[in-house]
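A quick write-up on the structure given underneath.
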Amino acid sequence: MKSAARILIIDDDADLRESLALYLKIHFSKVSVLGDPRKVHEALNQEEYDLILLDMNFQAGRNDGQEGLYWLKHIKELRPEIMVLLITAYGDIDLAIEALKSGASDFILKPWQNQKLLAALLRAYELKSTKGKLKQFQQQQDKSGNELIQLLENSARSASSIALLQQARRVAETDAQVLIRGENGTGKSQLARYLHLNSLRKDAPLVSVDLGAIPENLFEAELFGVKKGAFTDAREDRSGLVQQAEGGSLFLDEIGNCSLLHQQKLLRLIQDQSYQIVGSPELRHCNVRIIAASNSDLELAVKEGLFRQDLYYRINTIELKIEALRNRQEDLEVLIDYYLDYHNRKYGRQLELETDQRAQLLAYTWPGNIRELSHSLERAVILKDGHFEQSLGSGASSMPGNEASDLLSLNLEELEAQHIHQVLNHYQGNISKTAQHLGVNRNTLYRKLDKYQIQHEV
Ligand SMILES: Nc1ncnc2c1ncn2[C@@H]1O[C@H](COP(=O)(O)OP(=O)(O)OP(=O)(O)O)[C@@H](O)[C@H]1O
């Protein structure tokens, strides 16, 4: 399959241009040529390119490479996102260094070797895609970063939440490993973002990975990346999440669901800041801050031999515990107003709560915590109905029994709903373990819980 990279070759030598283009067209979907660099502005206005292969000497008799450097800077001013690879017959180290400092992605010597040239172009394209993704992600994060800080600080009214955020801000400035504990839906991922946004790494990416949702056999590839040729499908080098988090933070959600084998790889990552790309013998160094989260009893898992003690000690240098929502009445009051307003605006409604309806929400135990609260208010706003009797905790009580005769009377969907409910109860509401047991990912499970209105654990 051809790479999607769009390439422009700029060289005054017509034979060379054409032979390069002929070769590259075998591997790339779009290859164009340009003989005169003075027309580059026009060319870039007409078409989009990902990569430019730029000759360094154009005028006859000149071979100092300065023209190439001039056009390189010009292109980078016009389109900083385009990766420029310089190609020259007169290479020396100083020129190569100057080119790289001026923004070139690579420096290729003529006569080139086709395989090496191809590898350099594919590498540059991979880098461009990763940079693009990170930038996009970072912009989204920036937009909502301040909102998140405000939201968390606004809703922290109870003594435990105020103390928690204070502690979080204090540890955020350090690079200490943090373990966030709390029931499902209490806001562990949001607290991880809060930590990152308050840290010195805030301008670098925060990459989150749900360790409960990654299939066992993809764990290493997802986290550490893959070297081209590591397996049949690995046609190009692929970066992993650790590399994408370079300089920033890596949020390892549901760390308690990690197998012992993968715990060992995480230990090396955390302890030595190093990892191995799948298919490569080398150890790679990285600079990432680890934030982990878990809603399971890790101490028990350590006792039972299911969680490595050394990893446990590594990740919980600092432990931040989020209280269940039922123990944070002051926060609950603010969150009811926040989500009522939020969903009213989202759906263009004006639902208001009667005093007894609000009292009912304040008295409920919220086993699914903030996520359940938001879902309940969303449903109420959509239905324009603040009577919560039907919905709060109805999932548990309305489930049919599992006598054989009952099962026969169920249709497929009812059977599915019942099965999900039982598995969920078996794992005491642990979403990741339930999803793993059922062979679906957590998002699918949440959708099904929603569909069958199994609110109890949503
Ligand atoms: N302080 C807060 N104010 C308002 N909404 C919040 C707050 N904290 C979390 N939320 C919302 O609650 C929901 C659950 O939060 P989050 O996903 O962070 O919980 P979690 O503990 O990581 O859940 P899980 O254990 O299922 O991974 C999200 O919709 C989030 O936006």
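All residue names refer to the structure tokens as shown: chains lettered A, B, ... in order, residues numbered from 1 in each chain, ligands numbered from 1 in order.
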Please report, as JSON lines, each residue of chain A lying at most 6 Å from ligand 1, together with the nearest pair of atoms and the separation in Å rounded to one decimal; use only C-alpha atoms and all ligand atoms, and order rows by chain and ascending residue number.
```
{"residue": "A:Leu151", "atom": "CA", "partner": "ligand 1", "partner_atom_place_in_ligand_line": "3 (N)", "distance": 5.4}
{"residue": "A:Leu152", "atom": "CA", "partner": "ligand 1", "partner_atom_place_in_ligand_line": "1 (N)", "distance": 4.0}
{"residue": "A:Ser155", "atom": "CA", "partner": "ligand 1", "partner_atom_place_in_ligand_line": "1 (N)", "distance": 5.5}
{"residue": "A:Glu183", "atom": "CA", "partner": "ligand 1", "partner_atom_place_in_ligand_line": "25 (O)", "distance": 6.0}
{"residue": "A:Asn184", "atom": "CA", "partner": "ligand 1", "partner_atom_place_in_ligand_line": "25 (O)", "distance": 3.4}
{"residue": "A:Gly185", "atom": "CA", "partner": "ligand 1", "partner_atom_place_in_ligand_line": "23 (O)", "distance": 3.6}
{"residue": "A:Thr186", "atom": "CA", "partner": "ligand 1", "partner_atom_place_in_ligand_line": "21 (O)", "distance": 4.1}
{"residue": "A:Gly187", "atom": "CA", "partner": "ligand 1", "partner_atom_place_in_ligand_line": "18 (O)", "distance": 3.2}
{"residue": "A:Lys188", "atom": "CA", "partner": "ligand 1", "partner_atom_place_in_ligand_line": "22 (O)", "distance": 3.7}
{"residue": "A:Ser189", "atom": "CA", "partner": "ligand 1", "partner_atom_place_in_ligand_line": "18 (O)", "distance": 3.6}
{"residue": "A:Gln190", "atom": "CA", "partner": "ligand 1", "partner_atom_place_in_ligand_line": "18 (O)", "distance": 4.1}
{"residue": "A:Ile370", "atom": "CA", "partner": "ligand 1", "partner_atom_place_in_ligand_line": "12 (O)", "distance": 4.5}
{"residue": "A:Arg371", "atom": "CA", "partner": "ligand 1", "partner_atom_place_in_ligand_line": "13 (C)", "distance": 4.1}
```
Compile a residue-level contact table for range 130-235 of chain A against range 263-272 of chain A at a cut-off of 10 Å, reporting for every qualifying residue the shortest atom pair and its distance in Å to one decimal, with only C-alpha atoms counted, rows ordered by chain and ascending number, as a Markdown table.
```
| residue | atom | partner | partner_atom | distance |
| --- | --- | --- | --- | --- |
| A:Gln177 | CA | A:Ile270 | CA | 8.6 |
| A:Glu220 | CA | A:Lys265 | CA | 8.5 |
| A:Leu223 | CA | A:Leu266 | CA | 9.6 |
| A:Phe224 | CA | A:Leu269 | CA | 9.8 |
```
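You can rank A:Asp55, A:Phe388, A:Pro215, A:Tyr70 by their closest distance to Ala435 in chain A using only C-alpha atoms, and at the top of that list sits A:Pro215.
Excluding Asn217 in chain A itself and any same-chain residue fewer than 5 positions from it, the protein and nucleic acid residues within 12 Å of it, counting only C-alpha atoms, are Glu222, Leu223, Cys258, Ser259, Leu261, His262 and Val278 of chain A.
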Output for the residues just chosen: N, CA and C atoms as a PDB file, in the first residue's frame:
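What ended up in out.pdb:
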```pdb
ATOM      1  N   GLU A 222       0.840  -0.659  21.862  1.00  0.00           N
ATOM      2  CA  GLU A 222       0.164   0.605  22.147  1.00  0.00           C
ATOM      3  C   GLU A 222       1.041   1.512  23.004  1.00  0.00           C
ATOM      4  N   LEU A 223       1.630   0.929  24.016  1.00  0.00           N
ATOM      5  CA  LEU A 223       2.406   1.761  24.935  1.00  0.00           C
ATOM      6  C   LEU A 223       3.774   2.136  24.393  1.00  0.00           C
ATOM      7  N   CYS A 258      -3.827  -4.621  35.254  1.00  0.00           N
ATOM      8  CA  CYS A 258      -2.708  -4.972  34.395  1.00  0.00           C
ATOM      9  C   CYS A 258      -2.177  -6.366  34.747  1.00  0.00           C
ATOM     10  N   SER A 259      -1.833  -7.153  33.747  1.00  0.00           N
ATOM     11  CA  SER A 259      -1.319  -8.495  34.031  1.00  0.00           C
ATOM     12  C   SER A 259       0.075  -8.403  34.662  1.00  0.00           C
ATOM     13  N   LEU A 261       2.817  -9.759  33.769  1.00  0.00           N
ATOM     14  CA  LEU A 261       3.858  -9.570  32.761  1.00  0.00           C
ATOM     15  C   LEU A 261       3.981  -8.080  32.402  1.00  0.00           C
ATOM     16  N   HIS A 262       2.830  -7.451  32.227  1.00  0.00           N
ATOM     17  CA  HIS A 262       2.858  -6.036  31.854  1.00  0.00           C
ATOM     18  C   HIS A 262       3.234  -5.145  33.032  1.00  0.00           C
ATOM     19  N   VAL A 278       8.534  -2.540  20.422  1.00  0.00           N
ATOM     20  CA  VAL A 278       8.321  -3.920  19.957  1.00  0.00           C
ATOM     21  C   VAL A 278       9.120  -4.144  18.669  1.00  0.00           C
TER      22      VAL A 278
END
```
Hey, what's within 8 Å of Ser249 in chain A if we count only C-alpha atoms and toss same-chain stuff fewer than 2 positions away? As a list of chain:residue names, please?
-> A:His196, A:Arg201, A:Ala204, A:Pro205, A:Leu206, A:Val207, A:Ala245, A:Glu246, A:Gly247, A:Phe251, A:Val288, A:Arg289, A:Ile290, A:Ile291
Keeping only C-alpha atoms, write the selected residues to a file as a PDB file, in the first residue's frame.
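Written output follows (result-v3.pdb):
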```pdb
ATOM      1  CA  HIS A 196      -0.913  17.883  34.868  1.00  0.00           C
ATOM      2  CA  ARG A 201       4.857  19.925  32.277  1.00  0.00           C
ATOM      3  CA  ALA A 204       3.670  19.190  27.008  1.00  0.00           C
ATOM      4  CA  PRO A 205       1.038  16.518  26.337  1.00  0.00           C
ATOM      5  CA  LEU A 206      -0.957  14.550  28.861  1.00  0.00           C
ATOM      6  CA  VAL A 207      -1.566  11.125  27.357  1.00  0.00           C
ATOM      7  CA  ALA A 245       3.795  11.771  26.148  1.00  0.00           C
ATOM      8  CA  GLU A 246       7.488  12.749  25.957  1.00  0.00           C
ATOM      9  CA  GLY A 247       8.202  15.707  28.223  1.00  0.00           C
ATOM     10  CA  PHE A 251      -1.937   8.776  32.947  1.00  0.00           C
ATOM     11  CA  VAL A 288       7.469  11.236  31.356  1.00  0.00           C
ATOM     12  CA  ARG A 289       5.744  11.730  34.656  1.00  0.00           C
ATOM     13  CA  ILE A 290       3.529   8.834  35.631  1.00  0.00           C
ATOM     14  CA  ILE A 291       0.138   9.385  37.214  1.00  0.00           C
TER      15      ILE A 291
END
```
List the neighbours of Glu319 in chain A out to 10 Å using only C-alpha atoms; skip same-chain residues closer than 6 positions along the sequence, and give me the result as a short mmCIF file (atom, residue, chain, number, x, y, z; two decimals) with N, CA and C atoms, in the first residue's frame.
```cif
data_model
loop_
_atom_site.label_atom_id
_atom_site.label_comp_id
_atom_site.auth_asym_id
_atom_site.auth_seq_id
_atom_site.Cartn_x
_atom_site.Cartn_y
_atom_site.Cartn_z
N GLN A 167 -3.55 19.50 48.22
CA GLN A 167 -2.47 18.51 48.17
C GLN A 167 -2.05 18.26 46.72
N ALA A 168 -3.06 18.21 45.85
CA ALA A 168 -2.77 17.95 44.42
C ALA A 168 -1.90 19.07 43.85
N GLN A 177 5.68 10.38 41.65
CA GLN A 177 4.63 9.50 41.10
C GLN A 177 3.40 9.67 41.98
N VAL A 178 2.25 9.74 41.35
CA VAL A 178 1.02 9.91 42.12
C VAL A 178 0.07 8.77 41.81
N LEU A 179 -0.54 8.25 42.85
CA LEU A 179 -1.58 7.23 42.65
C LEU A 179 -2.91 7.84 43.11
N ILE A 180 -3.89 7.86 42.20
CA ILE A 180 -5.20 8.41 42.55
C ILE A 180 -6.15 7.25 42.84
N ARG A 181 -6.77 7.28 44.01
CA ARG A 181 -7.71 6.21 44.37
C ARG A 181 -9.12 6.79 44.43
N ALA A 292 -0.93 7.39 38.11
CA ALA A 292 -1.71 6.16 37.98
C ALA A 292 -3.02 6.32 38.73
N ALA A 293 -4.01 5.50 38.36
CA ALA A 293 -5.27 5.53 39.10
C ALA A 293 -5.80 4.12 39.23
#
```
All strand (DSSP E) residues (DSSP, backbone) inside range 80-276 of chain A, as a PyMOL selection string = chain A and resi 83-88+106-109+178-181+206-210+249-253+274-276
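For Ser294 in chain A, the non-local neighbours within 6 Å, defined as residues at least 6 positions apart in the same chain or in other chains and counting only C-alpha atoms, are Arg181, Glu254, Ile255 and Gly256 of chain A.
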Could you give me, as a list in words, the residues within 10 Å of Tyr339 in chain A, counting only C-alpha atoms and dropping anything in the same chain fewer than 5 positions from it?
-> Val334, Asn344, Arg345, Ile370, Leu373, Ser374, His375, Ser376, Leu377, Glu378 and Val381 of chain A
Write out, as a PDB file, in the first residue's frame, the residues just selected, with N, CA and C atoms.
```pdb
ATOM      1  N   VAL A 334     -23.473  21.650  44.843  1.00  0.00           N
ATOM      2  CA  VAL A 334     -22.964  22.464  43.732  1.00  0.00           C
ATOM      3  C   VAL A 334     -23.062  21.682  42.423  1.00  0.00           C
ATOM      4  N   ASN A 344     -29.420  21.563  30.745  1.00  0.00           N
ATOM      5  CA  ASN A 344     -30.461  22.488  30.256  1.00  0.00           C
ATOM      6  C   ASN A 344     -29.935  23.258  29.051  1.00  0.00           C
ATOM      7  N   ARG A 345     -28.683  23.742  29.178  1.00  0.00           N
ATOM      8  CA  ARG A 345     -28.112  24.516  28.056  1.00  0.00           C
ATOM      9  C   ARG A 345     -27.880  23.619  26.851  1.00  0.00           C
ATOM     10  N   ILE A 370     -20.151  10.894  40.408  1.00  0.00           N
ATOM     11  CA  ILE A 370     -20.501  12.075  39.592  1.00  0.00           C
ATOM     12  C   ILE A 370     -21.043  11.645  38.217  1.00  0.00           C
ATOM     13  N   LEU A 373     -24.637  10.945  38.623  1.00  0.00           N
ATOM     14  CA  LEU A 373     -25.374  12.188  38.862  1.00  0.00           C
ATOM     15  C   LEU A 373     -25.628  12.907  37.533  1.00  0.00           C
ATOM     16  N   SER A 374     -24.576  13.004  36.734  1.00  0.00           N
ATOM     17  CA  SER A 374     -24.720  13.695  35.454  1.00  0.00           C
ATOM     18  C   SER A 374     -25.737  12.979  34.557  1.00  0.00           C
ATOM     19  N   HIS A 375     -25.663  11.642  34.514  1.00  0.00           N
ATOM     20  CA  HIS A 375     -26.609  10.880  33.680  1.00  0.00           C
ATOM     21  C   HIS A 375     -28.048  11.062  34.145  1.00  0.00           C
ATOM     22  N   SER A 376     -28.247  11.052  35.459  1.00  0.00           N
ATOM     23  CA  SER A 376     -29.612  11.175  35.981  1.00  0.00           C
ATOM     24  C   SER A 376     -30.199  12.533  35.627  1.00  0.00           C
ATOM     25  N   LEU A 377     -29.373  13.579  35.775  1.00  0.00           N
ATOM     26  CA  LEU A 377     -29.881  14.921  35.464  1.00  0.00           C
ATOM     27  C   LEU A 377     -30.073  15.088  33.960  1.00  0.00           C
ATOM     28  N   GLU A 378     -29.222  14.461  33.186  1.00  0.00           N
ATOM     29  CA  GLU A 378     -29.376  14.543  31.729  1.00  0.00           C
ATOM     30  C   GLU A 378     -30.704  13.906  31.318  1.00  0.00           C
ATOM     31  N   VAL A 381     -33.582  16.118  32.303  1.00  0.00           N
ATOM     32  CA  VAL A 381     -33.707  17.297  31.428  1.00  0.00           C
ATOM     33  C   VAL A 381     -34.319  16.885  30.084  1.00  0.00           C
TER      34      VAL A 381
END
```
For CA of Glu299 in chain A and CA of Val171 in chain A, quote the distance in Å rounded to one decimal.
-> 22.7 Å
Using DSSP on the backbone, list every residue of range 319-382 of chain A that comes out as alpha helix (DSSP H), and give them as a count of residues only.
-> 42
Using only C-alpha atoms, the best pick from A:Arg314, A:Ile431, A:Ser32, A:Gln436 as closest to Glu216 in chain A would be A:Gln436
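Minimum atom-to-atom distances from A:Glu126, A:Glu416, A:Glu47, A:Glu18 to Ala4 in chain A were compared using only C-alpha atoms, and the lowest value belongs to A:Glu126.
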Between A:Glu413, A:Glu153, A:Asp297, A:Asp310, smallest distance to Arg169 in chain A by only C-alpha atoms belongs to A:Glu153
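Between Val209 in chain A and the candidates A:Leu449, A:Leu250, A:Leu195, A:Ala21, the tightest atom-to-atom separation, counting only C-alpha atoms, involves A:Leu250.
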